[in-house]
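Peer 1: The structure follows.
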Amino acid sequence: MLVRAFRLTDKLTNALLQALIWGSQWLLRQLYLVRLSFVALILTLFAVLTRTARAGRDVYSATLSRREVMARRAEDLTPRTLVREDPLKSQNRVLSLFTVVLLIALIGIVLWTTNANSGRVAIPTRAGEVVLPILPTLPTATPTLTPPPTATPVPDPLRVGGSIVYALRINGRDNLFTMGIGQSQPLRLTNTPVDDRDPMWSPDGKRVAFTSRRDGNWELYTLEIESGAITRLTFTPGYEANPTWSPDGAFIAYEAYINDNLDIYIVPSDASAPPSRLTYNPAPDFSPAWGPAPSRLRNIAYVSLRDANAEIYVISLDRPIEDEALRLTNTPDIDEDHPAWSPDGENIAYSALARGIELVFSRSVNNPASDPVTVGRGREPTWSPDGRSLLFGLDAGNQTTLVGALSSGIGVASSLAISLPGRAGQPSWTAALLPQSLIDSGGVKSAESPLYTESVDTTRVNPPFYLFRRLNGITAPLPVLSDRVDDSFMSLREAAVQKIGYDFLGTLADTLWTRDRLPEPGQSRQSWHYAGRAFAFDRNLIFNNPAPIEIIREDIEGYTYWRVYVRVEGAFQDGRLGEPLKRIPWDMVSRTQSSDPQVFEAGGQRRTTVPKGYYVDFTLLAADFGWERIPADPQWRSNFPSILYWEFDKRESLTWAEAMFELYTQTEIDAFLFGPTPAPTRPPLPSLTAPAQRSPTPIPPDGGGS
């Protein structure tokens with residue numbers, strides 16, 4: 001509406017200005033004509049008066065001569081009485097009549113020259129003056145209102161239809177789920193005690209390729225949706241993951257960790273031939289995405305760390321030379337991941353952590369130098385079958401919502417938002433509908449069981465309401481936690497032994513802090529160690545060689561977090577446990593050993609290479625049992641105790657004061673925070689000693705003498 005009003009006002013203003021210009025030109029031209037007419041009138045009057053004066057002088061001379069002749073005749077003749085009219089008076093009457101006629105003629109000339117129809121007459125100009133054509137005034141066009149544009153309907157992802165598949169993490173493991181677009185209830189596809197993840201629809205929507213540990217190490221499998229039949233594709237002792245189909249469904253590209261190098265491989269989808277290697281760069285290459293037919297049939301996009309940060313490349317199968325691969329992104333400060341081709345092959349969507357926020361972008365393949373389109377907040381996108389929408393995960397705590405958004409970045413398509421009970425990843429979208437037999441069966445039956453059960457003594461009715469529990473078998477200064485969280489910690493310890501290969505949590509730097517212990521320099525008094533809800537492993541493990549832990553810096557929503565990876569025991573560095581790193585760790589050693597002052601001020605720097613070997617995401621494992629990492633304090637760059645990558649808390653939506661009140665009385669908490677309250681002293685009593693009596697003043701002797 002504002003745009004139409006502005007356009008109408010602009011047109012009216014232009015018309016008014018044009019009319020004023022034409023009116024000014026016409027007025028100036030008429031004034032010029034009047035001036036010429038006035039000059040001509042003056043000249044004419046001057047000429048008439050000059051001629052009249054000459055005629056009057058001639059008449060006067062002739063009259064004077066005639067008078068002299070008549071006077072001489074009168075002298076000679078006898079006088080006779082005769083009355084004649086003076087000839088001068090007669091000439092004056094004629095002259096007056098002529099003047100009146102002349103004035104009438106001049107008035108007529110003026111009226112004729114000032115007529116509007118005389119505008120077409122060419123006006124003589126001075127020498128060198130530009131001749132401007134005198135145009136008639138054009139009528140002002142009446143502006144017409146622009147009809148309001150018809151609103152283009154926003155595409156609705158639900159109208160596309162089809163089905164989605166995704167991996168959902170519940171009770172510490174990933175399993176596959178599917179649901180038709182528009183349906184409200186997901187269907188479980190797998191139910192194994194180990195992880196099934198990285199699902200990807202086949203081009204015909206009849207099979208799903210995925211990654212699983214069901215046979216010991218990470219391998220590739222295909223699942224036939226209608227029958228539920230599962231086929232194993234790879235048989236290597238290492239690691240294979242992230243499958244992607246060729247457009248004809250005949251091949252699958254994937255990432256594999258072989259000989260301490262993560263690269264891209266291709267295998268027939270029916271496992272009829274051994275895999276073929278596609279990339280050879282010593283840096284990790286992973287997360288492949290096969291281009292669609294027909295334009296990108298022979299192209300595969302993937303992520304590489306060859307330049308010390310994650311960038312997306314596109315390699316041609318007709319000329320598989322990595323140095324000639326198209327570099328789609330070039331952002332040294334941002335790590336891109338999870339590329340996904342649009343159905344027409346013109347764009348690639350991907351996710352990245354930009355300025356502390358997980359975002360989904362879309363970039364043109366034909367013009368990689370152009371700015372990407374920001375689609376929305378989220379991660380791991382997948383395209384709708386018609387290419388008009390994207391589906392991706394949006395995390396809130398430990399739960400994910402699958403959100404649909406327009407690929408143009410106009411806004412979120414709120415009609416497609418699927419809230420899930422856990423963390424979901426790697427969604428994939430196909431145009432095919434789910435088989436009716438699968439819908440009728442309700443999917444694979446669930447056999448979920450909780451990871452732990454917290455046995456809590458709830459018999460206390462007065463504060464403190466809960467007790468402390470000793471952690472059996474744990475080596476720590478004070479191996480004690482709150483009764484509310486000790487069972488979850490012990491279950492986490494057992495799970496770490498199974499996944500890492502040794503008792504990583506058997507020796508801890510800290511658990512419970514007694515109230516008389518002071519926090520470290522720069523740390524808050526309100527530490528969760530005092531509440532018996534925190535543990536810390538040895539922070540110096542990161543300085544060992546080889547380091548048993550690696551930390552990844554993650555800046556999220558203005559805070560700095562650390563993701564902790566624990567290196568698998570050497571006997572299991574064959575792929576049976578853990579998986580290779582795909583991100584570059586933070587170098588804490590450089591903060592003290594680097595000669596660059598900027599590295600010291602930054603609190604360290606990222607490494608240039610990725611450590612080799614297999615690691616377990618301990619941050620993810622701890623979160624399965626409710627133990628969360630905490631952000632570093634703002635001064636962590638200059639104060640080492642503020643880094644806090646070694647501490648994990650279990651707060652369970654409690655405030656620190658509420659957690660403390662579970663273990664202490666209010667008086668004990670106040671004494672801890674503010675010190676013991678001094679006992680009040682009685683005010684001093686008034687003295688019982690009698691006041692001193694005033695002595696009389698002596699009277700001086702009389703001054704009178706004898």
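By order of appearance in the structure tokens: chains A, B, ..., then residues from 1 within every chain, and ligands from 1 in the order shown.
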Please identify all polymer residues within 10 Å of range 635-646 of chain A, counting only C-alpha atoms, omitting same-chain residues fewer than 4 positions from it, and present them as a ChimeraX atom specification.
Peer 2: /A:508-510,519-524,535-542,551-553,560-564,588,591,599-604,619,629-631
Peer 1: Keeping only N, CA and C atoms, write those residues as an mmCIF file, in the first residue's frame.
Peer 2:
data_model
loop_
_atom_site.group_PDB
_atom_site.id
_atom_site.type_symbol
_atom_site.label_atom_id
_atom_site.label_comp_id
_atom_site.auth_asym_id
_atom_site.auth_seq_id
_atom_site.Cartn_x
_atom_site.Cartn_y
_atom_site.Cartn_z
ATOM 1 N N LEU A 508 39.094 -39.378 39.216
ATOM 2 C CA LEU A 508 38.568 -38.035 38.992
ATOM 3 C C LEU A 508 39.379 -37.018 39.779
ATOM 4 N N ALA A 509 39.388 -35.804 39.266
ATOM 5 C CA ALA A 509 40.065 -34.713 39.970
ATOM 6 C C ALA A 509 39.198 -34.146 41.072
ATOM 7 N N ASP A 510 37.871 -34.117 40.860
ATOM 8 C CA ASP A 510 36.970 -33.530 41.851
ATOM 9 C C ASP A 510 35.580 -34.129 41.710
ATOM 10 N N PRO A 519 36.811 -21.708 46.219
ATOM 11 C CA PRO A 519 36.900 -21.917 44.762
ATOM 12 C C PRO A 519 38.231 -21.416 44.226
ATOM 13 N N GLU A 520 38.545 -21.845 43.014
ATOM 14 C CA GLU A 520 39.795 -21.422 42.392
ATOM 15 C C GLU A 520 39.721 -19.950 42.008
ATOM 16 N N PRO A 521 40.888 -19.322 41.781
ATOM 17 C CA PRO A 521 40.886 -17.889 41.435
ATOM 18 C C PRO A 521 40.013 -17.599 40.221
ATOM 19 N N GLY A 522 39.174 -16.597 40.372
ATOM 20 C CA GLY A 522 38.288 -16.196 39.290
ATOM 21 C C GLY A 522 37.013 -16.994 39.191
ATOM 22 N N GLN A 523 36.817 -18.000 40.072
ATOM 23 C CA GLN A 523 35.634 -18.845 40.005
ATOM 24 C C GLN A 523 34.574 -18.385 40.998
ATOM 25 N N SER A 524 33.326 -18.701 40.651
ATOM 26 C CA SER A 524 32.204 -18.290 41.480
ATOM 27 C C SER A 524 32.109 -19.159 42.730
ATOM 28 N N PHE A 535 31.202 -33.336 38.549
ATOM 29 C CA PHE A 535 32.465 -34.077 38.604
ATOM 30 C C PHE A 535 33.428 -33.461 37.593
ATOM 31 N N ALA A 536 34.698 -33.680 37.810
ATOM 32 C CA ALA A 536 35.732 -33.142 36.927
ATOM 33 C C ALA A 536 36.829 -34.178 36.759
ATOM 34 N N PHE A 537 37.224 -34.428 35.504
ATOM 35 C CA PHE A 537 38.369 -35.307 35.264
ATOM 36 C C PHE A 537 39.655 -34.476 35.283
ATOM 37 N N ASP A 538 40.754 -35.128 35.152
ATOM 38 C CA ASP A 538 42.050 -34.464 35.239
ATOM 39 C C ASP A 538 42.227 -33.523 34.049
ATOM 40 N N ARG A 539 42.346 -32.226 34.321
ATOM 41 C CA ARG A 539 42.493 -31.235 33.251
ATOM 42 C C ARG A 539 43.825 -31.350 32.524
ATOM 43 N N ASN A 540 44.812 -31.978 33.136
ATOM 44 C CA ASN A 540 46.142 -32.070 32.532
ATOM 45 C C ASN A 540 46.258 -33.212 31.530
ATOM 46 N N LEU A 541 45.189 -33.985 31.357
ATOM 47 C CA LEU A 541 45.242 -35.057 30.364
ATOM 48 C C LEU A 541 45.490 -34.520 28.962
ATOM 49 N N ILE A 542 45.084 -33.276 28.729
ATOM 50 C CA ILE A 542 45.197 -32.713 27.390
ATOM 51 C C ILE A 542 46.641 -32.435 27.009
ATOM 52 N N ILE A 551 39.812 -31.592 22.608
ATOM 53 C CA ILE A 551 38.664 -30.707 22.834
ATOM 54 C C ILE A 551 38.434 -29.869 21.583
ATOM 55 N N ILE A 552 37.172 -29.690 21.244
ATOM 56 C CA ILE A 552 36.746 -28.879 20.105
ATOM 57 C C ILE A 552 36.055 -27.643 20.655
ATOM 58 N N ARG A 553 36.510 -26.488 20.234
ATOM 59 C CA ARG A 553 35.881 -25.246 20.689
ATOM 60 C C ARG A 553 34.603 -25.000 19.893
ATOM 61 N N THR A 560 31.300 -19.829 25.097
ATOM 62 C CA THR A 560 32.290 -20.773 24.603
ATOM 63 C C THR A 560 32.116 -22.100 25.322
ATOM 64 N N TYR A 561 31.853 -23.147 24.541
ATOM 65 C CA TYR A 561 31.730 -24.499 25.067
ATOM 66 C C TYR A 561 32.873 -25.343 24.507
ATOM 67 N N TRP A 562 33.076 -26.502 25.150
ATOM 68 C CA TRP A 562 34.114 -27.431 24.709
ATOM 69 C C TRP A 562 33.498 -28.811 24.539
ATOM 70 N N ARG A 563 33.697 -29.386 23.351
ATOM 71 C CA ARG A 563 33.253 -30.765 23.126
ATOM 72 C C ARG A 563 34.461 -31.668 23.348
ATOM 73 N N VAL A 564 34.314 -32.624 24.252
ATOM 74 C CA VAL A 564 35.419 -33.476 24.670
ATOM 75 C C VAL A 564 35.347 -34.811 23.935
ATOM 76 N N MET A 588 45.597 -26.276 23.314
ATOM 77 C CA MET A 588 45.809 -25.593 24.584
ATOM 78 C C MET A 588 47.287 -25.403 24.899
ATOM 79 N N ARG A 591 48.940 -21.920 24.057
ATOM 80 C CA ARG A 591 48.679 -20.722 24.858
ATOM 81 C C ARG A 591 49.857 -20.379 25.761
ATOM 82 N N VAL A 599 48.431 -15.477 19.968
ATOM 83 C CA VAL A 599 47.975 -16.803 20.377
ATOM 84 C C VAL A 599 47.733 -16.832 21.878
ATOM 85 N N PHE A 600 48.614 -16.184 22.629
ATOM 86 C CA PHE A 600 48.421 -16.127 24.082
ATOM 87 C C PHE A 600 47.155 -15.361 24.437
ATOM 88 N N GLU A 601 46.932 -14.229 23.772
ATOM 89 C CA GLU A 601 45.748 -13.428 24.071
ATOM 90 C C GLU A 601 44.465 -14.144 23.658
ATOM 91 N N ALA A 602 44.542 -15.016 22.639
ATOM 92 C CA ALA A 602 43.361 -15.758 22.188
ATOM 93 C C ALA A 602 43.122 -17.015 23.007
ATOM 94 N N GLY A 603 43.992 -17.309 23.966
ATOM 95 C CA GLY A 603 43.820 -18.506 24.775
ATOM 96 C C GLY A 603 44.176 -19.775 24.044
ATOM 97 N N GLY A 604 45.041 -19.685 23.030
ATOM 98 C CA GLY A 604 45.414 -20.830 22.225
ATOM 99 C C GLY A 604 44.982 -20.644 20.781
ATOM 100 N N THR A 619 31.199 -35.868 25.348
ATOM 101 C CA THR A 619 30.150 -34.883 25.637
ATOM 102 C C THR A 619 28.775 -35.446 25.298
ATOM 103 N N ARG A 629 27.903 -30.477 29.784
ATOM 104 C CA ARG A 629 29.068 -29.590 29.848
ATOM 105 C C ARG A 629 28.610 -28.199 30.265
ATOM 106 N N ILE A 630 29.521 -27.401 30.744
ATOM 107 C CA ILE A 630 29.189 -26.038 31.154
ATOM 108 C C ILE A 630 30.037 -25.076 30.337
ATOM 109 N N PRO A 631 29.560 -23.858 30.117
ATOM 110 C CA PRO A 631 30.341 -22.900 29.326
ATOM 111 C C PRO A 631 31.539 -22.380 30.105
#
Peer 1: Show which residues sit within 12 Å of Gly180 in chain A, as an mmCIF file with N, CA and C atoms, in the first residue's frame. Count only C-alpha atoms, and ignore same-chain residues fewer than 3 positions away.
Peer 2:
data_model
loop_
_atom_site.group_PDB
_atom_site.id
_atom_site.type_symbol
_atom_site.label_atom_id
_atom_site.label_comp_id
_atom_site.auth_asym_id
_atom_site.auth_seq_id
_atom_site.Cartn_x
_atom_site.Cartn_y
_atom_site.Cartn_z
ATOM 1 N N LEU A 158 3.727 -29.226 2.764
ATOM 2 C CA LEU A 158 2.836 -30.364 2.937
ATOM 3 C C LEU A 158 2.204 -30.805 1.623
ATOM 4 N N ARG A 159 2.055 -29.864 0.675
ATOM 5 C CA ARG A 159 1.441 -30.217 -0.604
ATOM 6 C C ARG A 159 2.364 -31.085 -1.454
ATOM 7 N N VAL A 160 3.674 -31.046 -1.137
ATOM 8 C CA VAL A 160 4.615 -31.855 -1.904
ATOM 9 C C VAL A 160 4.393 -33.328 -1.613
ATOM 10 N N GLY A 161 4.099 -33.639 -0.345
ATOM 11 C CA GLY A 161 3.864 -35.018 0.027
ATOM 12 C C GLY A 161 5.155 -35.796 0.138
ATOM 13 N N GLY A 162 5.032 -37.098 0.034
ATOM 14 C CA GLY A 162 6.201 -37.949 0.143
ATOM 15 C C GLY A 162 6.424 -38.418 1.563
ATOM 16 N N SER A 163 7.662 -38.837 1.837
ATOM 17 C CA SER A 163 8.004 -39.426 3.132
ATOM 18 C C SER A 163 9.392 -38.969 3.548
ATOM 19 N N ILE A 164 9.619 -38.942 4.846
ATOM 20 C CA ILE A 164 10.931 -38.594 5.377
ATOM 21 C C ILE A 164 11.428 -39.739 6.253
ATOM 22 N N VAL A 165 12.743 -39.838 6.350
ATOM 23 C CA VAL A 165 13.385 -40.800 7.230
ATOM 24 C C VAL A 165 14.468 -40.054 7.991
ATOM 25 N N TYR A 166 14.716 -40.445 9.227
ATOM 26 C CA TYR A 166 15.701 -39.756 10.050
ATOM 27 C C TYR A 166 16.178 -40.705 11.144
ATOM 28 N N PHE A 177 13.736 -43.921 11.998
ATOM 29 C CA PHE A 177 12.287 -43.698 12.019
ATOM 30 C C PHE A 177 11.877 -43.080 10.686
ATOM 31 N N GLN A 183 1.408 -36.953 8.154
ATOM 32 C CA GLN A 183 1.054 -37.884 9.210
ATOM 33 C C GLN A 183 1.583 -37.372 10.549
ATOM 34 N N SER A 184 0.976 -37.794 11.617
ATOM 35 C CA SER A 184 1.341 -37.304 12.943
ATOM 36 C C SER A 184 2.146 -38.303 13.751
ATOM 37 N N GLN A 185 2.158 -39.560 13.357
ATOM 38 C CA GLN A 185 2.813 -40.585 14.159
ATOM 39 C C GLN A 185 3.970 -41.201 13.376
ATOM 40 N N PRO A 186 5.224 -41.067 13.865
ATOM 41 C CA PRO A 186 6.344 -41.706 13.171
ATOM 42 C C PRO A 186 6.319 -43.218 13.349
ATOM 43 N N LEU A 187 6.972 -43.905 12.437
ATOM 44 C CA LEU A 187 7.067 -45.361 12.463
ATOM 45 C C LEU A 187 8.527 -45.749 12.648
ATOM 46 N N GLY A 205 12.721 -44.414 -3.731
ATOM 47 C CA GLY A 205 12.012 -44.380 -2.461
ATOM 48 C C GLY A 205 11.652 -45.737 -1.901
ATOM 49 N N LEU A 416 5.084 -27.200 8.409
ATOM 50 C CA LEU A 416 5.871 -28.415 8.529
ATOM 51 C C LEU A 416 6.836 -28.252 9.698
ATOM 52 N N ILE A 418 7.932 -30.775 12.980
ATOM 53 C CA ILE A 418 7.729 -32.063 13.632
ATOM 54 C C ILE A 418 8.580 -32.099 14.887
ATOM 55 N N SER A 428 16.091 -37.292 5.501
ATOM 56 C CA SER A 428 16.090 -37.496 4.052
ATOM 57 C C SER A 428 14.644 -37.531 3.581
ATOM 58 N N TRP A 429 14.374 -36.919 2.385
ATOM 59 C CA TRP A 429 13.005 -36.709 1.894
ATOM 60 C C TRP A 429 12.873 -37.338 0.514
ATOM 61 N N THR A 430 11.837 -38.135 0.325
ATOM 62 C CA THR A 430 11.542 -38.744 -0.964
ATOM 63 C C THR A 430 10.110 -38.442 -1.364
ATOM 64 N N ALA A 431 9.858 -38.478 -2.677
ATOM 65 C CA ALA A 431 8.499 -38.251 -3.165
ATOM 66 C C ALA A 431 7.620 -39.484 -3.012
ATOM 67 N N ALA A 432 8.243 -40.645 -2.782
ATOM 68 C CA ALA A 432 7.475 -41.885 -2.675
ATOM 69 C C ALA A 432 6.690 -41.927 -1.370
ATOM 70 N N LEU A 433 5.539 -42.579 -1.427
ATOM 71 C CA LEU A 433 4.717 -42.764 -0.240
ATOM 72 C C LEU A 433 5.132 -44.038 0.488
ATOM 73 N N LEU A 434 4.877 -44.082 1.767
ATOM 74 C CA LEU A 434 5.194 -45.273 2.544
ATOM 75 C C LEU A 434 4.266 -46.416 2.146
ATOM 76 N N PRO A 435 4.775 -47.633 2.109
ATOM 77 C CA PRO A 435 3.906 -48.774 1.792
ATOM 78 C C PRO A 435 2.778 -48.904 2.818
ATOM 79 N N GLN A 436 1.622 -49.248 2.327
ATOM 80 C CA GLN A 436 0.479 -49.381 3.225
ATOM 81 C C GLN A 436 0.706 -50.491 4.244
ATOM 82 N N LEU A 438 3.477 -51.197 5.744
ATOM 83 C CA LEU A 438 4.258 -50.653 6.853
ATOM 84 C C LEU A 438 3.381 -49.804 7.763
ATOM 85 N N ILE A 439 2.501 -49.002 7.144
ATOM 86 C CA ILE A 439 1.609 -48.159 7.946
ATOM 87 C C ILE A 439 0.677 -49.013 8.796
#
Peer 1: Just the residues within 6 Å of Ile170 in chain A, please, counting only C-alpha atoms, with nothing from its chain fewer than 2 positions along; format it as a list of chain:residue names.
Peer 2: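 So the residues in contact are A:Gly172, A:Arg173, A:Gly422.
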Peer 1: Can you pull out every residue within 8 Å of Ser212 in chain A, counting only C-alpha atoms, but drop anything in the same chain fewer than 4 positions away, and send it as a list of chain:residue names?
Peer 2: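 Selected residues are A:Val194, A:Asp195, A:Asp196, A:Arg197, A:Asn217, A:Trp218, A:Glu219, A:Leu220, A:Tyr221.
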Peer 1: Need to verify the contact set: Asp263 in chain A, 7 Å, only C-alpha atoms, exclusion of same-chain residues closer than 6 positions in sequence. Can you return it as an MDAnalysis selection string?
Peer 2: chainID A and resid 255:257 279:280 284:286
Peer 1: Using DSSP assignments from the backbone, pull out every residue in range 468-621 of chain A that falls under alpha helix (DSSP H) and give it to me as a list in words.
Peer 2: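 Of range 468-621 of chain A, the ones in alpha helix (DSSP H) are Asp486, Asp487, Ser488, Phe489, Met490, Ser491, Leu492, Arg493, Glu494, Ala495, Ala496, Val497, Gln498, Lys499, Ile500, Ser590, Arg591, Thr592, Gln593, Pro597, Gln598, Val599, Phe600, Glu601, Phe618, Thr619, Leu620 and Leu621 of chain A.
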Peer 1: Kindly give the distance, in Å, that separates CA of Gly506 in chain A and CA of Ser491 in chain A, rounded to a single decimal.
Peer 2: 12.1 Å
Peer 1: Identify, on the basis of only C-alpha atoms, every residue whose closest approach to Ala531 in chain A does not exceed 8 Å; exclude the query and any residue fewer than 5 positions from it along the same chain; express the result as a ChimeraX atom specification.
Peer 2: /A:482,512-513,656,659-660,663
Peer 1: Find the distance between CA of Pro477 in chain A and CA of Tyr530 in chain A and write it in Å to one decimal.
Peer 2: 13.6 Å
Peer 1: With only C-alpha atoms as the atoms that count, which of A:Ala354, A:Val485, A:Leu471, A:Val365 lies nearest to Tyr452 in chain A?
Peer 2: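 Of A:Ala354, A:Val485, A:Leu471, A:Val365, the one nearest Tyr452 in chain A is A:Val485, counting only C-alpha atoms.
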Peer 1: Would you kindly return, as a count of residues only, each protein, DNA or RNA residue with an atom no farther than 8 Å from any atom of range 388-396 of chain A, considering only C-alpha atoms and excluding same-chain residues fewer than 2 positions away?
Peer 2: 27
Peer 1: Please report, as an MDAnalysis selection string, each residue of range 379-568 of chain A to which DSSP assigns strand (DSSP E) when run on this structure's backbone.
Peer 2: chainID A and resid 379:383 389:396 399:406 412:419 423:430 468:470 480:482 534:536 549:556 559:567
